[in-house]
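Colleague: Following this line is entry-v6.cif, made up of mmCIF, C-alpha atoms:
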data_work
#
loop_
_atom_site.label_atom_id
_atom_site.label_comp_id
_atom_site.auth_asym_id
_atom_site.auth_seq_id
_atom_site.Cartn_x
_atom_site.Cartn_y
_atom_site.Cartn_z
CA MET A 175 -15.32 -5.88 -21.85
CA SER A 176 -13.44 -9.12 -21.21
CA GLN A 177 -12.49 -10.04 -17.70
CA PRO A 178 -8.71 -10.04 -17.01
CA PRO A 179 -6.92 -13.04 -15.53
CA ALA A 180 -6.53 -11.19 -12.25
CA LEU A 181 -10.30 -11.25 -11.84
CA ARG A 182 -10.84 -14.78 -13.10
CA ASN A 183 -8.06 -16.55 -11.24
CA PRO A 184 -8.86 -17.53 -7.64
CA ARG A 185 -5.19 -17.19 -6.69
CA LEU A 186 -5.66 -13.43 -6.86
CA ARG A 187 -8.36 -11.34 -5.27
CA THR A 188 -10.94 -9.36 -7.24
CA LEU A 189 -10.36 -5.67 -7.78
CA ALA A 190 -12.49 -2.95 -6.30
CA VAL A 191 -14.16 0.21 -7.50
CA LEU A 192 -12.47 2.55 -5.05
CA PRO A 193 -13.49 6.16 -4.50
CA ALA A 194 -13.64 8.41 -7.54
CA VAL A 195 -11.54 11.51 -7.12
CA VAL A 196 -10.07 13.24 -10.18
CA LEU A 197 -9.90 12.57 -13.90
CA ALA A 198 -7.25 13.21 -16.55
CA GLY A 199 -4.78 15.99 -15.95
CA MET A 200 -5.44 16.13 -12.19
CA ALA A 201 -4.29 14.11 -9.19
CA VAL A 202 -6.12 10.93 -8.29
CA LEU A 203 -5.87 11.49 -4.57
CA THR A 204 -7.78 8.89 -2.62
CA GLY A 205 -5.29 6.29 -1.51
CA CYS A 206 -4.64 3.15 0.45
CA SER A 207 -2.25 4.82 2.83
CA ASP A 208 -2.50 7.73 5.16
CA PRO A 209 -0.57 10.58 3.51
CA GLY A 210 0.46 11.95 6.90
CA ALA A 211 3.96 11.81 8.30
CA GLN A 212 5.22 8.53 9.71
CA ALA A 213 5.31 7.66 13.36
CA ALA A 214 8.78 7.44 14.83
CA VAL A 215 10.69 4.18 14.81
CA ALA A 216 12.80 3.30 17.82
CA GLY A 217 16.45 2.46 17.24
CA GLN A 218 18.12 0.93 14.20
CA GLU A 219 16.87 -2.57 14.88
CA THR A 220 13.55 -3.41 16.49
CA ALA A 221 12.80 -6.99 17.51
CA ALA A 222 9.12 -7.75 17.10
CA ALA A 223 6.81 -10.26 18.73
CA ASN A 224 6.26 -11.94 15.36
CA GLY A 225 9.95 -12.80 15.14
CA VAL A 226 10.81 -10.07 12.65
CA VAL A 227 13.78 -7.82 13.38
CA TYR A 228 12.96 -4.53 11.67
CA ASN A 229 16.05 -2.77 10.35
CA SER A 230 15.45 0.97 10.20
CA SER A 231 19.06 1.97 9.56
CA PRO A 232 20.20 3.55 6.28
CA GLU A 233 22.27 0.42 5.59
CA GLN A 234 19.62 -1.98 4.38
CA ASN A 235 21.62 -4.76 2.72
CA ARG A 236 18.63 -5.33 0.49
CA ILE A 237 17.74 -8.69 -1.02
CA ARG A 238 18.83 -8.51 -4.65
CA ALA A 239 17.89 -10.24 -7.89
CA GLN A 240 19.81 -11.14 -11.05
CA LYS A 241 19.32 -9.21 -14.28
CA ASP A 242 17.23 -10.91 -16.95
CA PRO A 243 18.67 -9.73 -20.29
CA ALA A 244 15.51 -10.70 -22.17
CA LEU A 245 13.36 -8.58 -19.85
CA ALA A 246 15.85 -5.73 -19.90
CA ALA A 247 15.57 -5.64 -23.68
CA LYS A 248 11.81 -5.11 -23.39
CA VAL A 249 12.05 -1.95 -21.29
CA PRO A 250 10.80 1.00 -23.37
CA ALA A 251 13.77 2.90 -24.80
CA ALA A 252 12.72 6.22 -23.27
CA ILE A 253 12.87 4.64 -19.82
CA ALA A 254 15.99 2.53 -20.30
CA GLU A 255 18.16 5.21 -21.89
CA ASP A 256 19.41 6.75 -18.61
CA GLY A 257 20.02 3.34 -17.03
CA LYS A 258 17.71 4.11 -14.12
CA LEU A 259 14.28 3.09 -12.90
CA THR A 260 12.88 6.22 -11.28
CA VAL A 261 10.57 5.09 -8.49
CA GLY A 262 8.18 7.35 -6.62
CA THR A 263 7.26 6.66 -3.00
CA THR A 264 5.73 8.68 -0.18
CA ALA A 265 7.90 7.47 2.73
CA GLY A 266 5.08 7.95 5.20
CA SER A 267 4.16 4.54 6.62
CA VAL A 268 6.21 1.98 8.56
CA PRO A 269 7.08 -0.68 7.36
CA LEU A 270 5.94 0.02 3.78
CA SER A 271 7.89 3.15 2.93
CA PHE A 272 9.51 5.40 5.52
CA HIS A 273 12.68 7.27 6.37
CA ALA A 274 15.55 5.49 8.07
CA THR A 275 17.04 6.64 11.35
CA ASP A 276 19.10 9.24 9.49
CA ASN A 277 15.77 10.94 8.61
CA LYS A 278 16.65 11.09 4.93
CA THR A 279 17.11 7.60 3.45
CA PRO A 280 13.84 6.06 2.19
CA ILE A 281 13.49 2.40 3.16
CA GLY A 282 10.78 -0.22 3.57
CA SER A 283 9.11 -3.16 1.86
CA GLU A 284 7.90 -1.10 -1.09
CA LEU A 285 11.43 -0.06 -1.94
CA ASP A 286 12.80 -3.56 -1.44
CA LEU A 287 10.32 -4.81 -4.04
CA ALA A 288 11.19 -1.92 -6.34
CA GLN A 289 14.86 -2.92 -5.98
CA LEU A 290 14.08 -6.46 -7.11
CA VAL A 291 12.27 -5.14 -10.19
CA ALA A 292 15.07 -2.71 -11.04
CA ASP A 293 17.60 -5.54 -10.70
CA LYS A 294 15.64 -7.81 -13.03
CA LEU A 295 15.45 -5.04 -15.62
CA GLY A 296 19.15 -4.23 -15.32
CA LEU A 297 18.45 -0.69 -14.10
CA GLU A 298 19.73 1.36 -11.19
CA LEU A 299 17.10 2.07 -8.55
CA ASP A 300 16.46 5.82 -8.34
CA VAL A 301 14.09 6.56 -5.45
CA GLN A 302 12.22 9.87 -5.40
CA VAL A 303 10.16 10.75 -2.31
CA THR A 304 7.02 12.73 -3.08
CA ALA A 305 3.86 13.76 -1.27
CA TRP A 306 0.94 11.40 -1.76
CA GLU A 307 -1.11 14.03 -3.59
CA ASN A 308 1.73 14.62 -6.09
CA TRP A 309 2.50 11.14 -7.41
CA PRO A 310 -0.25 11.09 -10.08
CA LEU A 311 0.86 14.30 -11.78
CA LYS A 312 4.53 13.41 -11.45
CA THR A 313 3.87 10.06 -13.12
CA GLN A 314 1.91 11.73 -15.91
CA SER A 315 4.69 14.27 -16.46
CA GLY A 316 7.37 11.58 -16.63
CA ASP A 317 9.19 12.69 -13.48
CA LEU A 318 8.35 9.27 -12.04
CA GLU A 319 8.49 6.10 -14.13
CA VAL A 320 6.76 3.85 -11.60
CA VAL A 321 5.22 4.30 -8.16
CA PHE A 322 5.70 1.79 -5.35
CA SER A 323 3.72 3.31 -2.47
CA ASN A 324 0.79 1.11 -1.45
CA VAL A 325 -1.30 2.32 -4.39
CA GLY A 326 -4.57 0.45 -4.85
CA ILE A 327 -6.25 -0.06 -8.22
CA ASN A 328 -9.53 1.72 -8.84
CA ALA A 329 -11.86 2.68 -11.67
CA ASP A 330 -10.55 6.23 -11.98
CA ARG A 331 -6.88 5.36 -11.86
CA VAL A 332 -7.10 2.86 -14.71
CA LYS A 333 -8.10 5.77 -16.95
CA LEU A 334 -4.67 7.29 -16.38
CA PHE A 335 -2.35 4.49 -15.30
CA ASP A 336 -1.45 0.84 -15.81
CA PHE A 337 -0.80 -1.52 -12.91
CA SER A 338 1.32 -4.53 -11.99
CA THR A 339 -0.14 -6.22 -8.92
CA TYR A 340 2.17 -7.30 -6.09
CA ARG A 341 0.34 -7.38 -2.75
CA ALA A 342 -3.08 -7.83 -1.20
CA ALA A 343 -4.67 -4.70 0.28
CA PHE A 344 -6.19 -4.65 3.74
CA MET A 345 -6.97 -2.09 6.41
CA GLY A 346 -6.48 -2.86 10.08
CA PHE A 347 -8.36 -1.56 13.10
CA GLU A 348 -6.04 -1.03 16.06
CA ALA A 349 -6.84 -0.21 19.67
CA LYS A 350 -5.28 -0.31 23.13
CA SER A 351 -4.28 -3.78 24.20
CA THR A 352 -6.71 -3.62 27.12
CA SER A 353 -9.72 -3.14 24.82
CA SER A 354 -12.25 -5.82 23.92
CA TYR A 355 -13.30 -4.57 20.48
CA ASP A 356 -13.84 -7.10 17.68
CA ILE A 357 -14.57 -5.13 14.51
CA LYS A 358 -15.98 -7.00 11.54
CA SER A 359 -18.77 -4.74 10.27
CA SER A 360 -20.48 -1.40 10.76
CA ALA A 361 -22.38 -2.66 13.82
CA ASP A 362 -19.09 -3.01 15.69
CA ILE A 363 -18.09 0.66 15.40
CA SER A 364 -21.32 2.26 16.60
CA GLY A 365 -20.53 5.19 18.89
CA LEU A 366 -16.76 4.68 18.81
CA ARG A 367 -14.25 7.50 18.32
CA ILE A 368 -12.17 6.44 15.32
CA SER A 369 -9.14 8.23 13.91
CA VAL A 370 -8.77 8.14 10.13
CA GLY A 371 -6.83 9.91 7.40
CA SER A 372 -8.79 12.42 5.34
CA GLY A 373 -9.36 11.45 1.71
CA THR A 374 -8.26 7.83 2.17
CA ASN A 375 -9.94 4.51 1.48
CA GLN A 376 -10.19 4.11 5.24
CA GLU A 377 -12.38 7.19 5.45
CA LYS A 378 -14.52 5.94 2.56
CA ILE A 379 -15.19 2.69 4.40
CA LEU A 380 -16.09 4.42 7.66
CA LEU A 381 -18.41 6.91 5.97
CA ALA A 382 -20.22 4.03 4.28
CA TRP A 383 -20.48 2.13 7.55
CA ASN A 384 -21.84 5.22 9.28
CA LYS A 385 -24.59 5.42 6.67
CA GLU A 386 -25.49 1.83 7.46
CA LEU A 387 -25.63 2.63 11.16
CA GLU A 388 -27.78 5.71 10.68
CA ALA A 389 -30.15 3.75 8.44
CA ALA A 390 -30.48 1.19 11.22
CA GLY A 391 -31.16 3.88 13.81
CA LYS A 392 -27.82 3.35 15.56
CA ALA A 393 -25.25 5.90 16.63
CA PRO A 394 -22.55 6.45 13.99
CA ALA A 395 -18.86 6.38 14.77
CA GLN A 396 -17.25 9.72 15.53
CA LEU A 397 -14.47 10.26 12.98
CA GLN A 398 -11.40 12.15 14.16
CA TYR A 399 -8.66 13.49 11.91
CA TYR A 400 -4.99 14.00 12.75
CA SER A 401 -2.16 15.44 10.67
CA SER A 402 0.32 12.60 11.16
CA ASP A 403 0.71 8.98 12.23
CA ALA A 404 2.58 10.15 15.31
CA ASP A 405 -0.33 12.36 16.42
CA THR A 406 -2.80 9.59 15.63
CA ILE A 407 -1.01 6.99 17.74
CA LEU A 408 -0.52 9.47 20.57
CA ALA A 409 -4.26 10.12 20.63
CA LEU A 410 -4.99 6.39 20.60
CA GLY A 411 -2.53 5.63 23.37
CA SER A 412 -3.81 8.46 25.54
CA GLY A 413 -7.44 7.44 25.15
CA ARG A 414 -8.59 10.45 23.11
CA THR A 415 -9.69 7.98 20.44
CA ASP A 416 -10.96 4.42 20.81
CA VAL A 417 -9.78 2.92 17.52
CA ASN A 418 -7.54 3.79 14.59
CA ILE A 419 -7.99 2.45 11.05
CA THR A 420 -4.78 2.24 9.04
CA PRO A 421 -3.08 0.18 6.31
CA TYR A 422 -2.84 -3.33 7.72
CA PRO A 423 0.97 -3.62 7.48
CA SER A 424 1.35 -0.57 9.72
CA ALA A 425 -1.08 -2.03 12.24
CA VAL A 426 0.85 -5.32 12.20
CA TYR A 427 4.12 -3.46 12.77
CA ARG A 428 2.82 -1.60 15.78
CA ALA A 429 1.05 -4.63 17.25
CA ASN A 430 4.32 -6.54 17.14
CA THR A 431 6.65 -3.81 18.36
CA ARG A 432 4.54 -2.27 21.15
CA ASP A 433 2.80 -3.82 24.13
CA ASP A 434 0.07 -1.19 24.41
CA LEU A 435 -1.65 -1.70 21.03
CA LYS A 436 -3.28 -4.62 19.26
CA ILE A 437 -5.23 -5.34 16.06
CA VAL A 438 -8.97 -5.61 16.67
CA GLY A 439 -10.26 -5.98 13.12
CA LYS A 440 -9.41 -6.24 9.44
CA VAL A 441 -11.21 -5.22 6.25
CA ASN A 442 -10.32 -5.25 2.56
CA ALA A 443 -9.20 -1.83 1.36
CA GLY A 444 -11.77 -1.98 -1.44
CA TRP A 445 -14.75 -2.78 0.78
CA PRO A 446 -17.45 -3.83 -0.11
CA ASN A 447 -15.42 -5.24 -2.97
CA GLU A 448 -11.74 -6.14 -3.00
CA THR A 449 -8.62 -4.55 -4.40
CA LEU A 450 -4.90 -5.17 -4.80
CA VAL A 451 -1.80 -3.04 -4.32
CA ALA A 452 0.13 -2.49 -7.54
CA ALA A 453 3.14 -0.83 -9.13
CA THR A 454 1.73 2.14 -11.00
CA THR A 455 2.96 3.34 -14.40
CA LEU A 456 1.77 5.79 -17.05
CA LYS A 457 -1.00 4.40 -19.19
CA ASP A 458 0.06 2.72 -22.43
CA ASN A 459 3.79 3.49 -22.12
CA GLY A 460 4.66 -0.21 -22.29
CA LEU A 461 6.36 -0.50 -18.91
CA ALA A 462 3.65 -2.29 -16.90
CA PRO A 463 3.86 -5.66 -18.72
CA VAL A 464 7.64 -5.70 -18.24
CA ILE A 465 7.31 -4.94 -14.52
CA THR A 466 4.68 -7.67 -14.23
CA ASP A 467 7.08 -10.16 -15.81
CA ALA A 468 9.85 -9.03 -13.46
CA LEU A 469 7.59 -9.45 -10.44
CA ASN A 470 6.62 -12.94 -11.55
CA GLU A 471 10.28 -13.86 -11.87
CA VAL A 472 11.09 -12.74 -8.33
CA ILE A 473 7.97 -14.49 -7.05
CA LYS A 474 9.19 -17.66 -8.73
CA ASP A 475 12.80 -17.40 -7.52
CA GLY A 476 11.75 -16.73 -3.91
CA SER A 477 13.26 -13.28 -3.45
CA TYR A 478 9.78 -11.71 -3.33
CA ALA A 479 8.82 -13.95 -0.40
CA LYS A 480 12.08 -13.09 1.37
CA VAL A 481 11.26 -9.38 1.14
CA LEU A 482 7.78 -9.82 2.56
CA ASN A 483 9.10 -12.10 5.30
CA ARG A 484 11.72 -9.50 6.15
CA TRP A 485 9.02 -6.92 6.86
CA GLY A 486 6.41 -9.26 8.37
CA LEU A 487 4.05 -9.01 5.40
CA SER A 488 3.77 -12.64 4.26
CA GLU A 489 0.04 -12.57 4.93
CA GLU A 490 -0.43 -10.19 1.98
CA ALA A 491 1.66 -12.17 -0.54
CA LEU A 492 0.32 -12.99 -4.00
CA THR A 493 1.20 -16.11 -5.95
CA ALA A 494 1.44 -14.18 -9.22
CA SER A 495 1.50 -10.64 -10.58
CA GLU A 496 -0.79 -9.53 -13.38
CA THR A 497 -1.09 -6.42 -15.50
CA VAL A 498 -4.32 -4.48 -15.01
CA ASN A 499 -5.32 -1.60 -17.27
CA GLU A 500 -8.43 0.13 -18.52
CA SER A 501 -9.08 -2.48 -21.20
CA ASN A 502 -9.24 -5.44 -18.81
CA TYR A 503 -10.39 -3.83 -15.58
CA THR A 504 -13.97 -4.59 -14.58
CA GLY A 505 -14.11 -3.59 -10.92
CA ALA A 506 -15.77 -6.93 -10.26
CA THR A 507 -17.30 -7.55 -6.86
CA LYS A 508 -16.68 -10.58 -4.70
#
Can you dump the structure from the file as structure tokens?

Modeller:
Amino acid sequence: MSQPPALRNPRLRTLAVLPAVVLAGMAVLTGCSDPGAQAAVAGQETAAANGVVYNSSPEQNRIRAQKDPALAAKVPAAIAEDGKLTVGTTAGSVPLSFHATDNKTPIGSELDLAQLVADKLGLELDVQVTAWENWPLKTQSGDLEVVFSNVGINADRVKLFDFSTYRAAFMGFEAKSTSSYDIKSSADISGLRISVGSGTNQEKILLAWNKELEAAGKAPAQLQYYSSDADTILALGSGRTDVNITPYPSAVYRANTRDDLKIVGKVNAGWPNETLVAATTLKDNGLAPVITDALNEVIKDGSYAKVLNRWGLSEEALTASETVNESNYTGATK
């Protein structure tokens, strides 16, 4: 199997073999984001310590892109015929994808990027909020044409879906601002109480680190599970847990909008390998290469960078998007 450009080119990170979950016809559940409900956002505009002013109102005034007629002509007819790009998202994680202050309008960086792609393809953005566990089946059934929801590439998903990469994928460890934790490896979590989402990449990493600790004769971390981000952060703030592991953008958001929490560590979502976040489409339906081209156009014209800057995510920017599918995916290690 030949190695795809995304794995050869140093400008992009290598892709990981993430946890196996389910094969054809069933949901591929293990994800990069916690599927629980989002934590509350305060007010319509939140000024952050990193200089970002987070707009959580329904009126987003999104950054827009110009239609590329040549790209629009390449959109598969079955997708283009209704004039819409139907985008699935889970709306469960600030600032990636969450509900605005009206509690019904989905907003966030994932949808801003989806808007740029829809614009380039000359299609109306049609956002459909779905539970994390439902996006695979809904994509297979055709209810969703593409998913923008912090989906990481893994060996099982490439059997069912094609991918257009658009962001690096990291997990952040967060703790109270008064803590002195510095988490870089399994040794740094020994004996700690750590909150984590069930069935996520975060849990996979912690379970693997606990095995390392037990093999070394050290106390494993105590994993604690909560049903939502709000409950998780409440437990962290009250001292019922020591550390939380979460998608890095969410940790950055909280670290910059609260004075009681800080980031105390960072790990690639595909540990011990690396992975990328990607727009996810049905395998072999011809849409992924067109989305990849659209992403590369908005990277080139600067609108992609403006979106990431708007949400404080410049650290996870890529210099190019590439199409990854079963034929070119190798799951290469670092």

Colleague: Give as a PyMOL selection string the set of residues within 9 Å of the point (11.8, -2.4, -10.4), where distances use the file's coordinates and only C-alpha atoms.

Modeller: chain A and resi 259-261+285+287-295+297-299+320+322+453+465+468-469

Colleague: The selected residues should be written to file as a JSON list (two decimals), in the coordinates of the input (atoms: C-alpha atoms).

Modeller:
[["chain", "number", "residue", "atom", "x", "y", "z"],
["A", 259, "LEU", "CA", 14.28, 3.09, -12.90],
["A", 260, "THR", "CA", 12.88, 6.22, -11.28],
["A", 261, "VAL", "CA", 10.57, 5.09, -8.49],
["A", 285, "LEU", "CA", 11.43, -0.06, -1.94],
["A", 287, "LEU", "CA", 10.32, -4.81, -4.04],
["A", 288, "ALA", "CA", 11.19, -1.92, -6.34],
["A", 289, "GLN", "CA", 14.86, -2.92, -5.98],
["A", 290, "LEU", "CA", 14.08, -6.46, -7.11],
["A", 291, "VAL", "CA", 12.27, -5.14, -10.19],
["A", 292, "ALA", "CA", 15.07, -2.71, -11.04],
["A", 293, "ASP", "CA", 17.60, -5.54, -10.70],
["A", 294, "LYS", "CA", 15.64, -7.81, -13.03],
["A", 295, "LEU", "CA", 15.45, -5.04, -15.62],
["A", 297, "LEU", "CA", 18.45, -0.69, -14.10],
["A", 298, "GLU", "CA", 19.73, 1.36, -11.19],
["A", 299, "LEU", "CA", 17.10, 2.07, -8.55],
["A", 320, "VAL", "CA", 6.76, 3.85, -11.60],
["A", 322, "PHE", "CA", 5.70, 1.79, -5.35],
["A", 453, "ALA", "CA", 3.14, -0.83, -9.13],
["A", 465, "ILE", "CA", 7.31, -4.94, -14.52],
["A", 468, "ALA", "CA", 9.85, -9.03, -13.46],
["A", 469, "LEU", "CA", 7.59, -9.45, -10.44]]

Colleague: Find the distance between atom CA of Glu496 of chain A and atom CA of Phe337 of chain A and write it in Å to one decimal.

Modeller: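 Rounded to one decimal, the two atoms are 8.0 Å apart.
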
Colleague: Please work out which residues fall within 8 Å of (4.0, 2.2, 8.2), coordinates as given in the file, with all atoms listed in the file counting, and return them as a list of chain:residue names.

Modeller: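 The distance filter leaves exactly A:Gln212, A:Ala213, A:Gly266, A:Ser267, A:Val268, A:Pro269, A:Leu270, A:Ser271, A:Phe272, A:Pro421, A:Pro423, A:Ser424, A:Ala425, A:Tyr427.
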
Colleague: If I take atom CA of Trp309 of chain A and atom CA of Gly296 of chain A, how far is one from the other in Å, to one decimal?

Modeller: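 Pair atom CA of Trp309 of chain A / atom CA of Gly296 of chain A returns 24.0 Å.
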
Colleague: To one decimal in Å, tell me the separation between atom CA of Gly282 of chain A and atom CA of Asn229 of chain A.

Modeller: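 So the two atoms, atom CA of Gly282 of chain A and atom CA of Asn229 of chain A, lie 9.0 Å apart.
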
Colleague: When you look at Ile419 of chain A with a cut-off of 6 Å (counting only C-alpha atoms), what residues show up, excluding the ones that are within fewer than 5 positions of it in the same chain? I need them as an MDAnalysis selection string.

Modeller: chainID A and resid 346:347 370

Colleague: Quick check on the file I pasted: which residues fall under the PyMOL selection byres ((chain A and resi 483) around 12)? Write them as a ChimeraX atom specification.

Modeller: /A:224-228,237,269,283,286-287,423,476-482,484-491

Colleague: Env of Thr313 of chain A: 9 Å cut, atoms = all atoms listed in the file, seq-sep filter 3 positions within chain, self excluded. Answer as an MDAnalysis selection string.

Modeller: chainID A and resid 262 308:310 316:321 335 454:456

Colleague: Restricting the calculation to only C-alpha atoms, which member of A:Ser231, A:Thr466, A:Thr415, A:Asn502 is positioned closest to Glu219 of chain A?

Modeller: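 The answer is A:Ser231, which sits nearest to Glu219 of chain A.
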
Colleague: Looking at A:Leu311, A:Val332, A:Met345, A:Ala429, which one is nearest to Thr374 of chain A, with distances taken over all atoms listed in the file?

Modeller: A:Met345

Colleague: Output the residue selection produced by the PyMOL selection byres ((chain A and resi 280) around 10) on the file above, formatted as a PDB file with C-alpha atoms, in the coordinates of the input.

Modeller:
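Output saved as out.pdb:
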ATOM      1  CA  SER A 230      15.450   0.970  10.200  1.00  0.00           C
ATOM      2  CA  SER A 231      19.060   1.970   9.560  1.00  0.00           C
ATOM      3  CA  PRO A 232      20.200   3.550   6.280  1.00  0.00           C
ATOM      4  CA  THR A 263       7.260   6.660  -3.000  1.00  0.00           C
ATOM      5  CA  THR A 264       5.730   8.680  -0.180  1.00  0.00           C
ATOM      6  CA  ALA A 265       7.900   7.470   2.730  1.00  0.00           C
ATOM      7  CA  GLY A 266       5.080   7.950   5.200  1.00  0.00           C
ATOM      8  CA  SER A 271       7.890   3.150   2.930  1.00  0.00           C
ATOM      9  CA  PHE A 272       9.510   5.400   5.520  1.00  0.00           C
ATOM     10  CA  HIS A 273      12.680   7.270   6.370  1.00  0.00           C
ATOM     11  CA  ALA A 274      15.550   5.490   8.070  1.00  0.00           C
ATOM     12  CA  THR A 275      17.040   6.640  11.350  1.00  0.00           C
ATOM     13  CA  ASP A 276      19.100   9.240   9.490  1.00  0.00           C
ATOM     14  CA  ASN A 277      15.770  10.940   8.610  1.00  0.00           C
ATOM     15  CA  LYS A 278      16.650  11.090   4.930  1.00  0.00           C
ATOM     16  CA  THR A 279      17.110   7.600   3.450  1.00  0.00           C
ATOM     17  CA  ILE A 281      13.490   2.400   3.160  1.00  0.00           C
ATOM     18  CA  GLY A 282      10.780  -0.220   3.570  1.00  0.00           C
ATOM     19  CA  GLU A 284       7.900  -1.100  -1.090  1.00  0.00           C
ATOM     20  CA  LEU A 285      11.430  -0.060  -1.940  1.00  0.00           C
ATOM     21  CA  VAL A 301      14.090   6.560  -5.450  1.00  0.00           C
ATOM     22  CA  GLN A 302      12.220   9.870  -5.400  1.00  0.00           C
ATOM     23  CA  VAL A 303      10.160  10.750  -2.310  1.00  0.00           C
TER      24      VAL A 303
END

Colleague: Apply the PyMOL selection byres ((chain A and resi 392) around 12) to the structure shown and report the selected residues as a ChimeraX atom specification.

Modeller: /A:360-366,383-391,393-395

Colleague: For the residues in the current selection, export C-alpha atoms as a compact mmCIF listing (two decimals), keeping the file's coordinate frame.

Modeller:
# COMPACT_ATOMS: atom_id res chain seq x y z
CA SER A 360 -20.48 -1.40 10.76
CA ALA A 361 -22.38 -2.66 13.82
CA ASP A 362 -19.09 -3.01 15.69
CA ILE A 363 -18.09 0.66 15.40
CA SER A 364 -21.32 2.26 16.60
CA GLY A 365 -20.53 5.19 18.89
CA LEU A 366 -16.76 4.68 18.81
CA TRP A 383 -20.48 2.13 7.55
CA ASN A 384 -21.84 5.22 9.28
CA LYS A 385 -24.59 5.42 6.67
CA GLU A 386 -25.49 1.83 7.46
CA LEU A 387 -25.63 2.63 11.16
CA GLU A 388 -27.78 5.71 10.68
CA ALA A 389 -30.15 3.75 8.44
CA ALA A 390 -30.48 1.19 11.22
CA GLY A 391 -31.16 3.88 13.81
CA ALA A 393 -25.25 5.90 16.63
CA PRO A 394 -22.55 6.45 13.99
CA ALA A 395 -18.86 6.38 14.77

Colleague: Determine the nearest neighbour of Tyr503 of chain A from the options A:Lys241, A:Lys312, A:Lys333, A:Arg236, counting all atoms listed in the file.

Modeller: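 Closest to Tyr503 of chain A, using all atoms listed in the file: A:Lys333.
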
Colleague: Of the candidates A:Asn375, A:Asn430, A:Thr406, A:Thr504, which one gets nearest to Thr220 of chain A if we count only C-alpha atoms?

Modeller: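 Looking at the shortest contact to Thr220 of chain A, the residue is A:Asn430.
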
Colleague: Between A:Gly371, A:Gly413, A:Gly439, A:Pro250, which has the minimum distance to Tyr400 of chain A (counting only C-alpha atoms)?

Modeller: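 Smallest separation from Tyr400 of chain A among the options: A:Gly371.
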
Colleague: Looking at only C-alpha atoms, which of A:Trp306, A:Tyr340, A:Tyr399, A:Trp445 is the one that sits closest to Ile473 of chain A?

Modeller: A:Tyr340
